[in-house]
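Enquirer: As input, take data_33.cif (mmCIF, C-alpha atoms):
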```cif
data_data
loop_
_atom_site.label_atom_id
_atom_site.label_comp_id
_atom_site.auth_asym_id
_atom_site.auth_seq_id
_atom_site.Cartn_x
_atom_site.Cartn_y
_atom_site.Cartn_z
CA LEU A 26 19.47 -26.87 25.30
CA ARG A 27 21.22 -25.69 22.13
CA LYS A 28 19.27 -28.22 20.12
CA LEU A 29 16.02 -27.00 21.70
CA ASP A 30 16.89 -23.37 20.92
CA THR A 31 17.67 -24.34 17.33
CA GLU A 32 14.31 -26.10 16.96
CA LYS A 33 12.51 -23.07 18.42
CA SER A 34 14.31 -20.81 15.96
CA LYS A 35 13.26 -23.05 13.08
CA ILE A 36 9.64 -22.97 14.26
CA ARG A 37 9.68 -19.17 14.57
CA TYR A 38 11.18 -18.88 11.07
CA MET A 39 8.52 -21.20 9.63
CA GLN A 40 5.74 -19.25 11.35
CA LYS A 41 7.12 -15.98 9.98
CA ASP A 42 7.32 -17.48 6.47
CA ILE A 43 3.70 -18.67 6.72
CA ARG A 44 2.54 -15.20 7.83
CA GLN A 45 4.40 -13.56 4.93
CA LYS A 46 2.85 -15.96 2.42
CA ASP A 47 -0.60 -15.30 3.91
CA VAL A 48 -0.10 -11.54 3.41
CA PHE A 49 1.12 -12.18 -0.15
CA ARG A 50 -1.97 -14.25 -0.98
CA GLU A 51 -4.29 -11.71 0.67
CA LEU A 52 -2.86 -8.92 -1.49
CA GLU A 53 -3.11 -11.13 -4.57
CA ILE A 54 -6.79 -11.88 -3.90
CA THR A 55 -7.67 -8.23 -3.18
CA SER A 56 -5.90 -7.08 -6.33
CA LYS A 57 -7.61 -9.73 -8.45
CA GLU A 58 -11.10 -9.17 -7.07
CA PHE A 59 -11.06 -5.37 -6.89
CA TYR A 60 -8.15 -3.61 -8.58
CA ILE A 61 -8.28 -5.37 -11.94
CA SER A 62 -12.00 -4.82 -12.55
CA TYR A 63 -11.85 -1.27 -11.20
CA LEU A 64 -8.92 -0.26 -13.39
CA SER A 65 -10.47 -1.92 -16.43
CA ASP A 66 -13.09 0.86 -16.47
CA PHE A 67 -10.32 3.34 -17.19
CA THR A 68 -7.71 1.50 -19.21
CA LYS A 69 -7.44 -1.70 -21.23
CA LEU A 70 -5.12 -4.25 -19.65
CA THR A 71 -3.33 -6.37 -22.27
CA PRO A 72 -0.06 -8.33 -22.52
CA LYS A 73 1.44 -5.10 -23.86
CA SER A 74 0.51 -3.15 -20.71
CA ARG A 75 3.36 -2.04 -18.49
CA ILE A 76 2.56 -1.98 -14.76
CA LEU A 77 4.68 -0.37 -12.04
CA GLU A 78 4.15 -0.68 -8.29
CA VAL A 79 6.14 1.65 -6.04
CA GLY A 80 6.56 0.22 -2.55
CA CYS A 81 5.65 -3.23 -3.84
CA GLY A 82 6.72 -5.23 -0.79
CA GLU A 83 6.61 -8.92 -1.67
CA GLY A 84 4.67 -8.13 -4.86
CA GLY A 85 1.29 -9.69 -4.11
CA ASN A 86 -0.64 -6.88 -5.79
CA LEU A 87 1.17 -7.51 -9.07
CA VAL A 88 0.30 -11.20 -9.40
CA PRO A 89 -3.08 -10.79 -11.20
CA PHE A 90 -1.52 -8.32 -13.65
CA ALA A 91 1.29 -10.78 -14.39
CA GLN A 92 -1.28 -13.55 -14.88
CA LEU A 93 -2.91 -11.38 -17.58
CA GLY A 94 0.45 -11.28 -19.33
CA CYS A 95 1.24 -7.67 -18.38
CA LYS A 96 4.87 -6.69 -17.92
CA VAL A 97 5.11 -5.87 -14.21
CA THR A 98 7.83 -4.01 -12.31
CA GLY A 99 8.04 -3.62 -8.54
CA ILE A 100 10.26 -1.19 -6.66
CA ASP A 101 10.88 -1.28 -2.91
CA ILE A 102 13.55 0.19 -0.67
CA ALA A 103 13.66 -2.95 1.51
CA GLU A 104 16.08 -5.51 0.11
CA CYS A 105 14.48 -8.39 2.05
CA ARG A 106 11.08 -7.65 0.46
CA ILE A 107 12.55 -7.65 -3.03
CA LYS A 108 14.27 -10.99 -2.39
CA GLU A 109 10.95 -12.46 -1.25
CA ALA A 110 9.15 -11.00 -4.29
CA LYS A 111 11.67 -12.58 -6.66
CA ALA A 112 11.29 -15.90 -4.87
CA TYR A 113 7.49 -15.84 -5.02
CA PHE A 114 7.40 -14.75 -8.68
CA SER A 115 9.92 -17.35 -9.80
CA GLU A 116 6.99 -19.80 -9.77
CA ILE A 117 4.43 -17.38 -11.23
CA SER A 118 5.69 -15.29 -14.14
CA ASN A 119 8.63 -14.56 -16.41
CA HIS A 120 7.34 -11.04 -17.05
CA ALA A 121 8.23 -9.59 -13.65
CA THR A 122 11.11 -7.31 -12.65
CA PHE A 123 11.87 -6.34 -9.06
CA VAL A 124 14.32 -3.64 -8.05
CA CYS A 125 15.63 -2.63 -4.64
CA SER A 126 15.92 1.15 -4.77
CA ASP A 127 14.89 4.44 -3.25
CA PHE A 128 12.25 5.48 -5.77
CA MET A 129 13.30 9.13 -5.61
CA GLN A 130 16.73 8.03 -6.91
CA TYR A 131 15.33 5.68 -9.55
CA PRO A 132 16.05 6.90 -13.12
CA VAL A 133 13.15 8.25 -15.18
CA PRO A 134 12.43 6.34 -18.44
CA CYS A 135 13.95 8.08 -21.46
CA ASN A 136 11.12 7.47 -23.90
CA GLU A 137 7.36 6.95 -23.99
CA GLU A 138 7.60 3.21 -24.69
CA ASP A 139 9.51 2.58 -21.47
CA LYS A 140 6.97 4.45 -19.34
CA TYR A 141 4.02 2.77 -17.61
CA ASP A 142 0.34 2.37 -18.47
CA VAL A 143 -0.61 1.80 -14.82
CA ILE A 144 1.17 2.82 -11.63
CA LEU A 145 0.08 1.36 -8.29
CA LEU A 146 0.60 2.97 -4.89
CA HIS A 147 -0.84 0.76 -2.16
CA ASP A 148 -0.32 1.83 1.46
CA VAL A 149 2.61 4.03 0.44
CA ILE A 150 1.61 7.69 0.23
CA GLU A 151 0.92 7.88 3.99
CA HIS A 152 4.57 6.95 4.65
CA VAL A 153 6.07 9.63 2.40
CA PRO A 154 7.19 12.80 4.21
CA THR A 155 7.73 14.94 1.07
CA LYS A 156 4.65 14.06 -0.93
CA GLU A 157 4.69 16.78 -3.62
CA PRO A 158 8.21 16.00 -4.93
CA PHE A 159 7.36 12.30 -4.72
CA LEU A 160 4.23 12.69 -6.88
CA ALA A 161 6.07 14.98 -9.30
CA HIS A 162 8.75 12.30 -9.76
CA LEU A 163 6.09 9.59 -10.08
CA ARG A 164 4.30 11.49 -12.83
CA LYS A 165 7.41 11.31 -15.02
CA PHE A 166 7.01 7.52 -15.16
CA MET A 167 3.45 7.62 -16.54
CA LYS A 168 2.62 7.29 -20.20
CA THR A 169 0.68 10.12 -21.85
CA LYS A 170 -2.60 8.36 -21.05
CA GLY A 171 -1.36 6.52 -18.01
CA VAL A 172 -3.44 5.69 -14.95
CA LEU A 173 -2.39 6.16 -11.34
CA PHE A 174 -4.12 4.02 -8.70
CA VAL A 175 -3.59 5.10 -5.10
CA GLY A 176 -4.87 3.04 -2.17
CA PHE A 177 -4.41 4.26 1.37
CA PRO A 178 -6.11 4.21 4.77
CA ALA A 179 -7.24 7.80 5.23
CA TRP A 180 -5.96 9.35 8.46
CA GLN A 181 -9.42 9.78 10.00
CA MET A 182 -10.27 6.10 9.55
CA PRO A 183 -10.23 3.84 12.64
CA PHE A 184 -6.90 2.24 11.68
CA GLY A 185 -5.50 5.11 9.66
CA GLY A 186 -2.37 5.07 11.79
CA HIS A 187 -1.47 1.44 10.94
CA GLN A 188 -1.69 0.50 14.62
CA GLN A 189 -2.68 -3.01 13.52
CA ILE A 190 1.06 -3.71 13.17
CA CYS A 191 1.44 -3.57 16.97
CA ARG A 192 2.34 -6.78 18.77
CA SER A 193 0.02 -5.85 21.63
CA LYS A 194 -3.50 -7.21 21.09
CA LEU A 195 -4.88 -4.13 22.82
CA CYS A 196 -3.12 -1.56 20.63
CA SER A 197 -3.53 -3.54 17.43
CA HIS A 198 -7.30 -3.80 17.90
CA LEU A 199 -8.07 -0.32 19.25
CA PRO A 200 -9.45 2.05 16.61
CA PHE A 201 -8.64 5.76 16.52
CA ILE A 202 -5.75 5.63 19.04
CA HIS A 203 -3.51 7.23 16.41
CA LEU A 204 -5.56 10.42 16.86
CA LEU A 205 -4.35 10.79 20.45
CA PRO A 206 -1.89 13.63 21.18
CA ASN A 207 1.69 12.49 20.58
CA PRO A 208 2.71 12.18 24.27
CA LEU A 209 -0.37 10.07 25.10
CA TYR A 210 0.01 7.93 22.00
CA ARG A 211 3.67 7.22 22.73
CA LEU A 212 2.85 6.50 26.39
CA LEU A 213 0.17 3.99 25.39
CA LEU A 214 2.53 2.22 23.00
CA LYS A 215 5.27 2.13 25.61
CA THR A 216 2.87 0.84 28.28
CA CYS A 217 1.89 -1.99 25.94
CA ASN A 218 5.59 -2.89 25.52
CA GLU A 219 5.81 -2.09 21.84
CA LYS A 220 9.32 -2.25 20.39
CA LYS A 221 11.20 0.97 19.76
CA GLY A 222 11.24 0.32 16.00
CA THR A 223 7.45 -0.13 15.91
CA MET A 224 6.91 3.01 17.97
CA ASN A 225 9.16 5.05 15.68
CA GLU A 226 7.36 3.76 12.60
CA LEU A 227 3.93 4.60 14.03
CA MET A 228 5.05 8.07 15.09
CA SER A 229 6.52 8.59 11.61
CA ILE A 230 3.18 7.64 10.03
CA LYS A 231 1.48 10.08 12.38
CA GLU A 232 3.84 12.81 11.20
CA CYS A 233 3.35 11.92 7.51
CA ARG A 234 -0.39 11.30 7.83
CA THR A 235 -2.56 11.56 4.73
CA SER A 236 -6.17 12.69 4.94
CA ILE A 237 -8.52 12.50 1.98
CA GLU A 238 -8.56 16.30 1.79
CA LEU A 239 -4.76 16.49 1.72
CA PHE A 240 -4.58 13.83 -0.97
CA GLU A 241 -7.10 15.64 -3.15
CA ARG A 242 -5.04 18.84 -2.91
CA LEU A 243 -1.83 16.99 -3.71
CA ILE A 244 -3.30 15.32 -6.78
CA THR A 245 -4.85 18.57 -8.01
CA ASN A 246 -1.45 20.28 -7.74
CA ALA A 247 0.36 17.34 -9.34
CA ALA A 248 -2.04 17.36 -12.28
CA SER A 249 -1.56 21.04 -13.06
CA GLY A 250 1.75 20.58 -14.85
CA ASN A 251 2.86 21.23 -18.41
CA ARG A 252 0.44 18.98 -20.24
CA PRO A 253 -2.58 20.88 -21.51
CA LYS A 254 -5.66 18.88 -20.51
CA THR A 255 -6.16 16.84 -17.35
CA LEU A 256 -9.16 14.91 -16.12
CA VAL A 257 -9.10 13.70 -12.51
CA HIS A 258 -11.64 11.07 -11.55
CA GLN A 259 -12.05 10.12 -7.91
CA SER A 260 -14.00 7.23 -6.49
CA SER A 261 -14.18 5.07 -3.37
CA LEU A 262 -13.63 1.35 -3.31
CA GLN A 263 -14.70 -0.69 -0.29
CA ALA A 264 -13.48 -4.14 0.67
CA GLU A 265 -16.09 -6.77 1.46
CA VAL A 266 -14.26 -8.09 4.51
CA PRO A 267 -14.53 -5.65 7.43
CA LEU A 268 -11.55 -4.96 9.69
CA TYR A 269 -11.80 -5.95 13.35
CA PRO A 270 -15.62 -6.27 13.52
CA THR A 271 -15.58 -7.70 17.03
CA THR A 272 -13.74 -4.67 18.42
CA LEU A 273 -16.13 -2.25 16.76
CA ALA A 274 -19.14 -4.30 17.86
CA THR A 275 -17.84 -4.07 21.42
CA LEU A 276 -17.77 -0.30 21.03
CA GLY A 277 -21.43 -0.40 20.06
CA LEU A 278 -21.01 0.52 16.40
CA GLU A 279 -23.73 -0.79 14.10
CA ASP A 280 -22.90 -2.42 10.76
CA GLU A 281 -24.26 0.54 8.82
CA VAL A 282 -21.99 2.92 10.71
CA TYR A 283 -19.06 0.56 10.41
CA GLN A 284 -19.28 0.54 6.63
CA LYS A 285 -18.26 4.20 6.68
CA PHE A 286 -15.07 3.29 8.54
CA LEU A 287 -13.63 0.99 5.87
CA HIS A 288 -10.37 1.88 4.18
CA HIS A 289 -10.80 4.58 1.58
CA PHE A 290 -9.26 3.84 -1.77
CA MET A 291 -8.99 6.52 -4.39
CA LEU A 292 -8.25 6.13 -8.07
CA VAL A 293 -6.88 9.11 -9.90
CA TYR A 294 -7.22 8.92 -13.66
CA ILE A 295 -5.16 11.46 -15.55
CA ASP A 296 -5.98 11.71 -19.24
CA HIS A 297 -3.47 13.88 -21.12
CA LYS A 298 -4.52 14.84 -24.62
CA PRO A 299 -1.95 16.20 -27.09
#
```
As structure tokens, what does this structure read like?
Expert:
Amino acid sequence: LRKLDTEKSKIRYMQKDIRQKDVFRELEITSKEFYISYLSDFTKLTPKSRILEVGCGEGGNLVPFAQLGCKVTGIDIAECRIKEAKAYFSEISNHATFVCSDFMQYPVPCNEEDKYDVILLHDVIEHVPTKEPFLAHLRKFMKTKGVLFVGFPAWQMPFGGHQQICRSKLCSHLPFIHLLPNPLYRLLLKTCNEKKGTMNELMSIKECRTSIELFERLITNAASGNRPKTLVHQSSLQAEVPLYPTTLATLGLEDEVYQKFLHHFMLVYIDHKP
């Protein structure tokens, strides 16, 4: 029996490792196909470019930048994610640095050369409870003509509450359930036997939710600092692969309508002129 339990544990570990690598590759592909070309309209990416991702996870988004020769840095508060990022990048690039840290405690670069040409925030801002201080701290890491790219599922989107992380097939495939009143949402999650940690995370996201309107206000406020001239450019970027099409088809939503429900990505380009 012990031997059987050991084998089962090995299988579960291997399955988890495969899932993590699949997520890593998915992020790498999305970044390569969309982020690189999109950012290239606003800044030139060269081997001298310094790229920072806050909340980098395993670092998949940074792979295409590293392949261009850029110097990439990833920061994440989860030590296990940073270990995985270092392991993945050991076979990819020598120009990558990964740090386990609370970003709000991470020291600000002392000079312009050590600051970053591009800063990535992918699926991060919606988890941050104190967004204004966070963005103010983030801005100190940007070069004078730095670019900030923010990608997030807007709160009003069908999966804006990250319910796809649920173990329950029902909850993970049901759009808009995060818009339920808190007691009903928690009851649904509990009824579907979601773990306490998952429930707490989803309720935290609900509390920290980020709508497009809120984000626009935050960025406008963050850009009105000491530097004299600021240009904010906003645009939407849609992924080609739709999320959960079968579920939405079951609900009777046509393809044309569904296109409006894709994740909303917003790029904020801040051009500071001396």
Enquirer: Using 9 Å as the limit and counting only C-alpha atoms, can you tabulate each residue of segment 161-234 of chain A that touches segment 58-69 of chain A, with its shortest atom-to-atom distance in Å and the two atoms involved, as a tab-separated table?
Expert:
```
residue	atom	partner	partner_atom	distance
A:Lys170	CA	A:Thr68	CA	8.7
A:Gly171	CA	A:Thr68	CA	8.2
A:Val172	CA	A:Thr68	CA	7.3
A:Phe174	CA	A:Leu64	CA	8.0
```
Enquirer: Between atom CA of Val143 of chain A and atom CA of Ile76 of chain A, what is the spacing in Å?
Expert: 4.9 Å
Enquirer: Do you know which residues the PyMOL selection byres ((chain A and resi 128) around 9) returns on this file, as a list in words?
Expert: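 Matching residues under the PyMOL selection byres ((chain A and resi 128) around 9) are Val79, Gly80, Ile100, Asp101, Ile102, Cys125, Ser126, Asp127, Met129, Gln130, Tyr131, Pro132, Phe159, His162 and Leu163 of chain A.
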Enquirer: Excluding Val97 of chain A and residues on its chain fewer than 3 positions from it, collect all residues at most 9 Å away from it, counting all atoms listed in the file, and give them as a ChimeraX atom specification.
Expert: /A:74-78,87-88,90-91,94,120-123
Enquirer: Work out how far atom CA of Glu53 of chain A is from atom CA of Glu109 of chain A, in Å to one decimal.
Expert: 14.5 Å
Enquirer: Residues at most 8 Å from segment 199-204 of chain A, counting all atoms listed in the file, excluding those fewer than 3 positions away in the same chain, as a list in words?
Expert: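 Near segment 199-204 of chain A, the qualifying residues are Gln181, Met182, Pro183, Phe184, Gly185, Gly186, Gln188, Leu195, Cys196, Tyr210, Lys231, Thr272 and Leu273 of chain A.
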Enquirer: In Å to one decimal, how far is atom CA of Glu219 of chain A from atom CA of Arg192 of chain A?
Expert: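 Atom CA of Arg192 of chain A sits 6.6 Å away from atom CA of Glu219 of chain A.
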Enquirer: Rank A:Glu138, A:Glu116, A:Glu238, A:Asp47 by their smallest atom-to-atom distance to Thr169 of chain A, using all atoms listed in the file, and report the top residue only.
Expert: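 With all atoms listed in the file as the atom set, the closest residue is A:Glu138.
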Enquirer: My list of candidates is A:Gly82, A:Ser193, A:Thr223, A:Met228. Which is closest to Pro208 of chain A when distances are computed with only C-alpha atoms?
Expert: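 Answer, going by the shortest atom-to-atom distance: A:Met228.
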Enquirer: Nearest residue to Ile144 of chain A out of A:Asn207, A:Thr98, A:Asn119, A:Ser236, using all atoms listed in the file?
Expert: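 Between A:Asn207, A:Thr98, A:Asn119, A:Ser236, the residue approaching Ile144 of chain A most closely is A:Thr98.
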Enquirer: Between A:His187, A:Lys156, A:His198, A:Lys221, which residue has the minimum interatomic distance to Arg242 of chain A, considering all atoms listed in the file?
Expert: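 Among A:His187, A:Lys156, A:His198, A:Lys221, it is A:Lys156 that comes nearest to Arg242 of chain A.
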Enquirer: Taking all listed atoms of segment 173-189 of chain A, build the axis-aligned box, pad each of the six sides by 3 Å, then write its centre and edge lengths in Å to one decimal as JSON.
Expert:
```
{"center_x": -5.9, "center_y": 3.4, "center_z": 1.6, "size_x": 14.8, "size_y": 18.8, "size_z": 32.0}
```
